Each structure stands twice: as structure tokens, then as C-alpha cells.
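Working notes, structure below.
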Amino acid sequence: MFNKLNLRAKILLTVVSCITIIALLFIAISYSIFSKTLKKGLLQKGITITNNLALRTTDMVLIEGNLTLGDMVFETLKNNDDIKYIFILNSNDNIIVHTFKDGFPEELLAATKIDTDEKNNIQLIETEDGEYIRDIAIPIYGGDLGIVHAGFSDELMHREIQKNLILTIEISIAVIIFGIIISYFLTGMFVKPLSEFLWATRRISKGKFDRRINITTNDEIGELADTFNKMIKDLKEYRDQKEEYSKTLEKKVEEKTMELRKKDALLIQTDKLASIGLLASGVAHELNNPLGSIFMNVNLVMETMDKDSAIYEDLQKIDEDTQRCKRIVDDLLCFSRQQELKLAYYNINEIINRTINFIRHEADNRMIDIETDLGPDIDDIYVDRNHLQQVLVNIMMNGIQAMDKAGKLTIITKNNDSENIIIVRDTGCGIPSKNMYKIYDPFFTTREEGTGLGLSICYGIMKRLNGSIEIESNFEKDHKGSSNRERGTVAILRLPVKGPVPDKRGEDEVYED
């Protein structure tokens with residue numbers, strides 16, 4: 001049980017136990033000494049009073065007679081509360097005077113029989129009430145004139161002893177309480193610093209180095225606290241350096257890993273596009289002629305049919321599907337062909353404004369705002385204007401279709417020392433993270449009317465222009481409940497800064513892959 005207590009409780013319990021033991025010993029010794037001293041003093045007092053009575057009795061018997069003895073005895077009884085009775089015997093053991101109101105008890109005479117040869121005769125008598133009385137008998141004139149008996153009660157002595165015992169106990173209790181209070185504060189002076197150290201070590205064991213020991217005393221404990229705080233500071237600095245090094249290393253590893261993954265993805269994408277391009281070219285040529293024949297014959301039949309007939313509606317559906325198939329074939333041809341690039345120096349901002357004019361009608365129909373932040377210091381770049389505009393139209397239309405109705409399309413241009421950057425941002429639903437790695441795959445699309453070739457064609461064009469395209473997206477369901485991330489998709493086009501500006505802007509220079 002004692003071992004389960006904390007240090008402060010153990011010290012307090014030990015100190016209180018020691019003080020209590022000392023107080024009990026003090027009470028016992030005080031009680032013994034005071035009892036003996038008081039008993040001796042009261043006994044001496046009784047002997048003195050009795051001797052005085054004997055002397056006065058001698059004078060009265062020899063000179064004044066027995067008439068005034070009664071007055072003396074009752075006066076002495078009145079002046080001393082501890083005297084229970086007084087009686088005087090003559091030489092023949094006859095009672096001369098006594099103080100008993102109800103007559104002298106004969107049994108007392110037998111109980112107080114003394115030897116007249118003794119100077120002081122003291123006997124302890126127990127009354128019928130259980131009270132103890134000390135009978136002190138002094139011979140008068142050597143016993144020739146009689147004997148004086150005075151009975152002194154022990155009650156007064158016991159009351160004084162009891163009063164002294166209570167006072168001693170009260171003093172002892174006060175000392176114990178005072179000792180507890182002093183011990184509490186003294187133990188606090190030593191235990192509190194230890195508690196500070198204990199709490200700090202517990203936080204350190206949990207990896208928290210924010211605790212400091214606030215002890216400023218100029219003693220060993222204060223010096224220990226300063227040393228401990230320095231140790232915590234050194235440990236924190238070491239841990240921070242280690243964590244910073246780990247983060248830096250992880251960041252470098254992550255950057256290198258991402259770089260390798262991008263290069264691998266680029267190689268895979270390039271090989272994939274090349275293989276699919278060859279396949280698409282052959283398939284498109286094979287399908288183009290039959291589709292043209294179907295389209296022409298369906299239109300010839302529709303001219304001869306009544307527009308209200310059920311067959312006419314079926315033929316119209318065939319005509320629409322045929323046109324859709326033809327668009328897919330045309331996209332395949334565009335995707336597979338390495339068309340001739342007509343390179344010249346153009347201003348990016350002008351190309352973007354032309355593209356916005358081209359798609360503005362579609363944006364207005366869908367109640368989509370178009371905002372631009374075109375850098376004024378953008379240099380002219382060496383590019384095929386039509387191909388770049390095809391890329392911009394495709395990306396902007398993807399953003400408009402992703403927003404459906406109501407939204408904002410933002411176009412930003414800026415540059416640095418090595419490249420020009422075009423940023424197209426929409427506030428649409430975004431692309432799910434699971435689909436991000438498939439967005440450049442041919443024929444991958446999430447729209448019913450789409451062919452899935454748009455971004456693949458854009459990727460190929462940017463590759464031929466020595467540029468790059470990056471797509472970043474925050475899908476609304478991937479970040480549901482997140483208030484610090486805007487949903488939507490961002491397309492980043494990067495084109496290199498290349499060569500001086502020629503004298504004639506916009507003059508075509510033919511470049512063939």
C-alpha cells in the first residue's frame with residue numbers, strides 16, 4: 001500500500017508519523033511528570049495545613065480552651081476546597097470537634113487509627129461513593145494533647161491532572177497540524193521540481209520537445225533544470241535536422257520517381273500513338289469509301305420518300321449515324337497523318353483571341369463566362385498557327401462541355417526565359433483520379449457524343465511543336481467536403497522560346513517532319 005503512494009504522500013506520511021510518535025511520547029512523559037509533581041505538591045500542601053491546625057490547636061487547648069476550636073476548623077474548611085473533613089481527638093481518643101453536619105461516622109475513627117510515634121501519618125481512604133480521600137493525621141504536642149485529622153480529596157488533583165493532559169494533547173495536536181502544514185510546503189519545494197522533470201521526460205518519450213523546466217533557483221536543482229533544458233533543446237534540434245533531411249531526401253526521391261514515371265509514360269504514349277496511328281490510317285481508308293456510298297444512297301432514297309412516313313425517320317437516323325461515323329473516320333485520318341507544318345512567328349495572345357471568337361457562341365449558349373489574363377510581354381513564338389489553334393479549340397471546348405451550364409473559363413498566358421506558357425482553367429466537374437492516366441489514350445472518352453481522339457491529337461501536335469501538354473484536375477467527388485480546393489480542370493501548354501523575330505511577321509515557313 002505504501003509503495004503505491006506518490007513521493008509527496010510518502011514523505012508527508014513519514015513526517016506525520018514521526019511527529020505523532022514524538023507527540024505521544026511528549027504527552028506520556030508530561031502526564032507522568034506533572035502527575036508526580038502535582039501529587040507531591042498537594043500532599044505537601046495538606047501536611048502544611050494539617051501542621052498549622054495542630055499548632056493552632058495546641059495554643060487553643062492550652063490557653064483558650066476548646067470553645068474556639070470549632071471556629072478555627074470551619075474557617076480552615078471554608079478556605080480550602082480540597083479539604084473534605086477535619087476532626088480533632090483528645091489524648092483519650094475522644095472527639096473534641098469535627099466538621100460533619102450529619103454526625104461523625106464511627107467507622108472513620110477506626111479507619112484512621114494511627115501510630116502517635118510517627119510525625120506524619122497519611123492514609124488513603126475510599127468512600128462509599130468511590131471517592132479517594134487522603135487522611136493526614138498530625139499529633140498535637142507529641143500526641144499528649146490529641147491528634148488532628150484532615151481529609152484531602154484526590155478529586156482536585158485529578159481535575160488538575162486531567163486539565164493538564166487536555167492542554168498537552170491540544171498542544172500536541174497543534175504541533176502535528178503545524179508540522180503537517182510545514183511538511184506539505186517543504187515537500188512541495190522538492191517534489192514539484194521532480195514532477196516538472198517527470199512530466200517533461202514523459203513528453204520527450206512521446207516525441208514532444210516543447211516542454212521546458214521553469215526553475216530559476218540558484219541551487220543544484222536549478223542547475224539541473226538548466227542542464228535538462230539544454231539537453232531538450234539539443235535533442236529537438238537534432239530531431240528537426242533529421243526530419244528535415246528525411247523530408248528533403250523523400251522529396252528528391254519522389255521528384256526523381258515522378259520524373260522517371262513521366263519519361264516512361266511519355267515513351268509508352270509515343271509508342272502507343274505511333275502503333276494506333278498506323279492502324280487508324282488503314283482502318284480509316286477502308287471505311288471511308290463504304291461510308292461515302294451509304295451516305296449517298298441513303299440521301300437518294302430519302303429524296304424519293306414521303307417525309308411523314310415511318311421509313312423516312314429510319315433513313316434519317318441512318319443518315320445521322322453515318323455522318324457521325326464519317327466524323328470519327330476524319331478524326332482517325334487527322335490523328336494518323338503527319339500533316340505538313342507551316343511554321344512562322346506569331347503572337348500567342350492574338351491566336352488565343354481568334355480562338356475565343358471561334359468558341360464564344362458555344363460559351364454564350366451555355367451561359368459560361370470567359371476571362372483572360374494575357375501577359376503583355378509575351379514574345380512571338382515559332383509555331384504552326386492552325387495546329388496550335390486546333391489544340392486550343394479542343395481544350396476550350398472540353399472545358400465548356402465539362403461545365404454544362406454556368407461556369408467560368410479562364411485563359412492565362414505568361415513566359416519565362418525558356419518557354420511560353422498557356423493555361424486554360426475551367427470550373428467543371430473535373431476528371432476522376434482513376435481516369436487521369438487514360439486521358440491521352442485514343443478512343444477514351446466519358447461523353448456519349450465524343451470520339452476520344454481530341455486529347456490524343458492535341459498531344460501529338462504539341463509533341464511535333466517541341467512543346468508539352470499537362471492536365472491537372474480536382475474531381476468534385478474525390479474531394480467532397482473540402483473547402484480549400486477548387487474543382488475543375490487545368491490544361492497547361494508549354495511552348496519553347498525559339499529564334500529571333502523575323503522582319504515580316506506571319507510569313508509562312510514550311511517545315512516538314
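Residues are referred to by chain and number: the chain letter is A, B, ... according to the order shown in the C-alpha cells, the number counts from 1 in that chain, and ligands are numbered separately from 1 in the order shown.
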
Please provide the set of residues having any atom within 9 Å of segment 30-38 of chain A, restricted to only C-alpha atoms, with same-chain residues fewer than 2 positions apart removed, written as an NGL selection string. :A and (25-28 or 40-43 or 157-158 or 160-162 or 164-165 or 168)

Who sits within 8 Å of Asp404 of chain A, only C-alpha atoms, same chain under 4 positions skipped, as a short mmCIF file (atom, residue, chain, number, x, y, z; two decimals) with C-alpha atoms, in the first residue's frame:
```cif
data_model
loop_
_atom_site.label_atom_id
_atom_site.label_comp_id
_atom_site.auth_asym_id
_atom_site.auth_seq_id
_atom_site.Cartn_x
_atom_site.Cartn_y
_atom_site.Cartn_z
CA ARG A 366 -24.18 27.61 -72.12
CA ILE A 400 -17.09 24.30 -71.89
CA GLY A 428 -16.38 21.98 -64.42
#
```

Mind checking which residues fall within 7 Å of segment 379-392 of chain A, counting only C-alpha atoms, ignoring those fewer than 6 positions away in the same chain, and posting them as a short mmCIF file (atom, residue, chain, number, x, y, z; two decimals) with N, CA, C and O atoms, in the first residue's frame?
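Okay, part_5.cif is ready:
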```cif
data_model
loop_
_atom_site.label_atom_id
_atom_site.label_comp_id
_atom_site.auth_asym_id
_atom_site.auth_seq_id
_atom_site.Cartn_x
_atom_site.Cartn_y
_atom_site.Cartn_z
N LEU A 341 3.74 20.91 -91.40
CA LEU A 341 3.68 22.05 -90.50
C LEU A 341 4.10 23.32 -91.23
O LEU A 341 5.12 23.33 -91.95
N LYS A 342 3.32 24.38 -91.09
CA LYS A 342 3.66 25.68 -91.66
C LYS A 342 4.05 26.60 -90.51
O LYS A 342 3.21 27.19 -89.84
N LEU A 343 5.37 26.66 -90.26
CA LEU A 343 5.87 27.37 -89.10
C LEU A 343 6.17 28.81 -89.43
O LEU A 343 6.70 29.14 -90.50
N ALA A 344 5.82 29.69 -88.52
CA ALA A 344 6.13 31.12 -88.64
C ALA A 344 6.05 31.72 -87.24
O ALA A 344 5.60 31.07 -86.28
N TYR A 345 6.48 32.96 -87.10
CA TYR A 345 6.41 33.64 -85.82
C TYR A 345 5.05 34.31 -85.67
O TYR A 345 4.64 35.11 -86.52
N TYR A 346 4.37 33.95 -84.60
CA TYR A 346 3.04 34.50 -84.32
C TYR A 346 2.98 34.93 -82.84
O TYR A 346 3.70 34.39 -81.99
N ASN A 347 2.08 35.84 -82.58
CA ASN A 347 1.83 36.27 -81.21
C ASN A 347 0.78 35.35 -80.57
O ASN A 347 -0.31 35.16 -81.11
N ILE A 348 1.14 34.77 -79.43
CA ILE A 348 0.23 33.80 -78.78
C ILE A 348 -1.09 34.45 -78.41
O ILE A 348 -2.17 33.87 -78.57
N ILE A 351 -3.45 34.60 -81.29
CA ILE A 351 -4.02 33.27 -81.60
C ILE A 351 -5.12 32.93 -80.61
O ILE A 351 -6.18 32.41 -80.97
N THR A 355 -9.13 32.28 -81.26
CA THR A 355 -9.77 31.03 -80.82
C THR A 355 -11.00 31.33 -79.96
O THR A 355 -12.04 30.66 -80.08
N CYS A 458 -4.22 16.48 -79.72
CA CYS A 458 -3.53 17.62 -79.10
C CYS A 458 -2.14 17.21 -78.61
O CYS A 458 -1.16 17.95 -78.76
N ILE A 461 0.16 16.96 -81.65
CA ILE A 461 0.53 18.27 -82.19
C ILE A 461 1.55 18.96 -81.29
O ILE A 461 2.56 19.50 -81.79
N LEU A 465 5.40 20.23 -82.11
CA LEU A 465 5.81 21.63 -81.94
C LEU A 465 6.91 21.78 -80.87
O LEU A 465 7.21 22.89 -80.45
N VAL A 497 10.68 28.99 -76.36
CA VAL A 497 11.06 30.26 -76.99
C VAL A 497 12.15 29.95 -78.00
O VAL A 497 13.19 29.40 -77.64
N LYS A 498 11.93 30.31 -79.27
CA LYS A 498 12.84 29.83 -80.32
C LYS A 498 13.14 30.93 -81.33
O LYS A 498 12.23 31.46 -81.94
N VAL A 501 12.88 37.22 -83.93
CA VAL A 501 11.67 37.59 -84.65
C VAL A 501 12.06 38.09 -86.03
O VAL A 501 12.89 38.99 -86.18
#
```

Tell me which protein, DNA and RNA residues are within 6 Å of Leu409 of chain A, counting only C-alpha atoms, leaving out same-chain ones fewer than 6 positions away, and put them as a PyMOL selection string. chain A and resi 370+425-426

So which bits of segment 177-263 of chain A end up alpha helix (DSSP H) when you DSSP the backbone, as a PyMOL selection string? chain A and resi 177-205+220-263

Closest of A:Gly399, A:Gly130, A:Gly375, A:Gly103 to Glu362 of chain A - atom-to-atom distances counting only C-alpha atoms: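 Among the listed residues, the smallest separation from Glu362 of chain A belongs to A:Gly399.
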
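Our summary of the geometry notes that atom CA of Ile204 of chain A is positioned 23.6 Å from atom CA of Gly188 of chain A.
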
Determine, counting only C-alpha atoms, which protein, DNA and RNA residues have an atom within 12 Å of an atom of Arg360 of chain A; residues of the same chain fewer than 2 positions away are not included. Present the result as a PDB file with N, CA and C atoms, in the first residue's frame.
```pdb
ATOM      1  N   ILE A 352      -4.912  33.254 -79.325  1.00  0.00           N
ATOM      2  CA  ILE A 352      -5.918  32.949 -78.294  1.00  0.00           C
ATOM      3  C   ILE A 352      -7.172  33.768 -78.524  1.00  0.00           C
ATOM      4  N   ASN A 353      -7.030  35.051 -78.862  1.00  0.00           N
ATOM      5  CA  ASN A 353      -8.211  35.887 -79.107  1.00  0.00           C
ATOM      6  C   ASN A 353      -9.011  35.379 -80.293  1.00  0.00           C
ATOM      7  N   ARG A 354      -8.320  34.929 -81.358  1.00  0.00           N
ATOM      8  CA  ARG A 354      -9.017  34.359 -82.518  1.00  0.00           C
ATOM      9  C   ARG A 354      -9.770  33.085 -82.113  1.00  0.00           C
ATOM     10  N   THR A 355      -9.135  32.281 -81.262  1.00  0.00           N
ATOM     11  CA  THR A 355      -9.774  31.027 -80.823  1.00  0.00           C
ATOM     12  C   THR A 355     -11.000  31.326 -79.964  1.00  0.00           C
ATOM     13  N   ILE A 356     -10.892  32.340 -79.093  1.00  0.00           N
ATOM     14  CA  ILE A 356     -12.038  32.705 -78.240  1.00  0.00           C
ATOM     15  C   ILE A 356     -13.201  33.170 -79.098  1.00  0.00           C
ATOM     16  N   ASN A 357     -12.939  33.952 -80.140  1.00  0.00           N
ATOM     17  CA  ASN A 357     -14.019  34.390 -81.038  1.00  0.00           C
ATOM     18  C   ASN A 357     -14.691  33.202 -81.705  1.00  0.00           C
ATOM     19  N   PHE A 358     -13.909  32.165 -81.962  1.00  0.00           N
ATOM     20  CA  PHE A 358     -14.446  30.986 -82.637  1.00  0.00           C
ATOM     21  C   PHE A 358     -15.398  30.207 -81.725  1.00  0.00           C
ATOM     22  N   GLU A 362     -20.663  29.172 -78.597  1.00  0.00           N
ATOM     23  CA  GLU A 362     -20.981  27.979 -77.788  1.00  0.00           C
ATOM     24  C   GLU A 362     -20.960  28.320 -76.299  1.00  0.00           C
ATOM     25  N   ALA A 363     -20.021  29.146 -75.872  1.00  0.00           N
ATOM     26  CA  ALA A 363     -19.933  29.527 -74.455  1.00  0.00           C
ATOM     27  C   ALA A 363     -21.137  30.359 -74.033  1.00  0.00           C
ATOM     28  N   ASP A 364     -21.554  31.278 -74.892  1.00  0.00           N
ATOM     29  CA  ASP A 364     -22.715  32.102 -74.562  1.00  0.00           C
ATOM     30  C   ASP A 364     -23.975  31.268 -74.447  1.00  0.00           C
ATOM     31  N   ASN A 365     -24.108  30.266 -75.333  1.00  0.00           N
ATOM     32  CA  ASN A 365     -25.287  29.396 -75.261  1.00  0.00           C
ATOM     33  C   ASN A 365     -25.358  28.653 -73.931  1.00  0.00           C
ATOM     34  N   ARG A 366     -24.214  28.363 -73.389  1.00  0.00           N
ATOM     35  CA  ARG A 366     -24.176  27.609 -72.117  1.00  0.00           C
ATOM     36  C   ARG A 366     -24.015  28.545 -70.908  1.00  0.00           C
ATOM     37  N   MET A 367     -24.116  29.848 -71.105  1.00  0.00           N
ATOM     38  CA  MET A 367     -24.009  30.854 -70.032  1.00  0.00           C
ATOM     39  C   MET A 367     -22.686  30.719 -69.277  1.00  0.00           C
ATOM     40  N   ILE A 368     -21.591  30.616 -70.031  1.00  0.00           N
ATOM     41  CA  ILE A 368     -20.254  30.462 -69.448  1.00  0.00           C
ATOM     42  C   ILE A 368     -19.464  31.742 -69.703  1.00  0.00           C
ATOM     43  N   ASP A 369     -18.891  32.278 -68.638  1.00  0.00           N
ATOM     44  CA  ASP A 369     -18.073  33.491 -68.752  1.00  0.00           C
ATOM     45  C   ASP A 369     -16.653  33.112 -69.159  1.00  0.00           C
ATOM     46  N   ILE A 370     -16.082  33.934 -70.026  1.00  0.00           N
ATOM     47  CA  ILE A 370     -14.700  33.729 -70.456  1.00  0.00           C
ATOM     48  C   ILE A 370     -13.867  34.889 -69.927  1.00  0.00           C
ATOM     49  N   GLU A 371     -12.857  34.574 -69.132  1.00  0.00           N
ATOM     50  CA  GLU A 371     -11.951  35.585 -68.594  1.00  0.00           C
ATOM     51  C   GLU A 371     -10.546  35.328 -69.113  1.00  0.00           C
ATOM     52  N   VAL A 393      -8.746  25.119 -79.441  1.00  0.00           N
ATOM     53  CA  VAL A 393     -10.186  24.889 -79.616  1.00  0.00           C
ATOM     54  C   VAL A 393     -10.607  23.620 -78.911  1.00  0.00           C
ATOM     55  N   MET A 396     -10.470  24.185 -75.029  1.00  0.00           N
ATOM     56  CA  MET A 396     -11.519  25.088 -74.567  1.00  0.00           C
ATOM     57  C   MET A 396     -12.892  24.449 -74.677  1.00  0.00           C
ATOM     58  N   MET A 397     -13.144  23.722 -75.768  1.00  0.00           N
ATOM     59  CA  MET A 397     -14.440  23.062 -75.926  1.00  0.00           C
ATOM     60  C   MET A 397     -14.623  21.962 -74.875  1.00  0.00           C
ATOM     61  N   ILE A 400     -15.708  23.815 -71.793  1.00  0.00           N
ATOM     62  CA  ILE A 400     -17.086  24.301 -71.887  1.00  0.00           C
ATOM     63  C   ILE A 400     -18.068  23.157 -71.718  1.00  0.00           C
ATOM     64  N   LEU A 409     -14.535  30.076 -67.715  1.00  0.00           N
ATOM     65  CA  LEU A 409     -13.374  29.578 -68.439  1.00  0.00           C
ATOM     66  C   LEU A 409     -12.319  30.678 -68.401  1.00  0.00           C
TER      67      LEU A 409
END
```

Residues of segment 25-262 of chain A in strand (DSSP E or B) according to DSSP, as a PyMOL selection string? chain A and resi 83-89+95-98+121-126+132-140+146-153

One decimal place gives the atom CA of Pro496 of chain A-atom CA of Ile359 of chain A separation as 25.9 Å
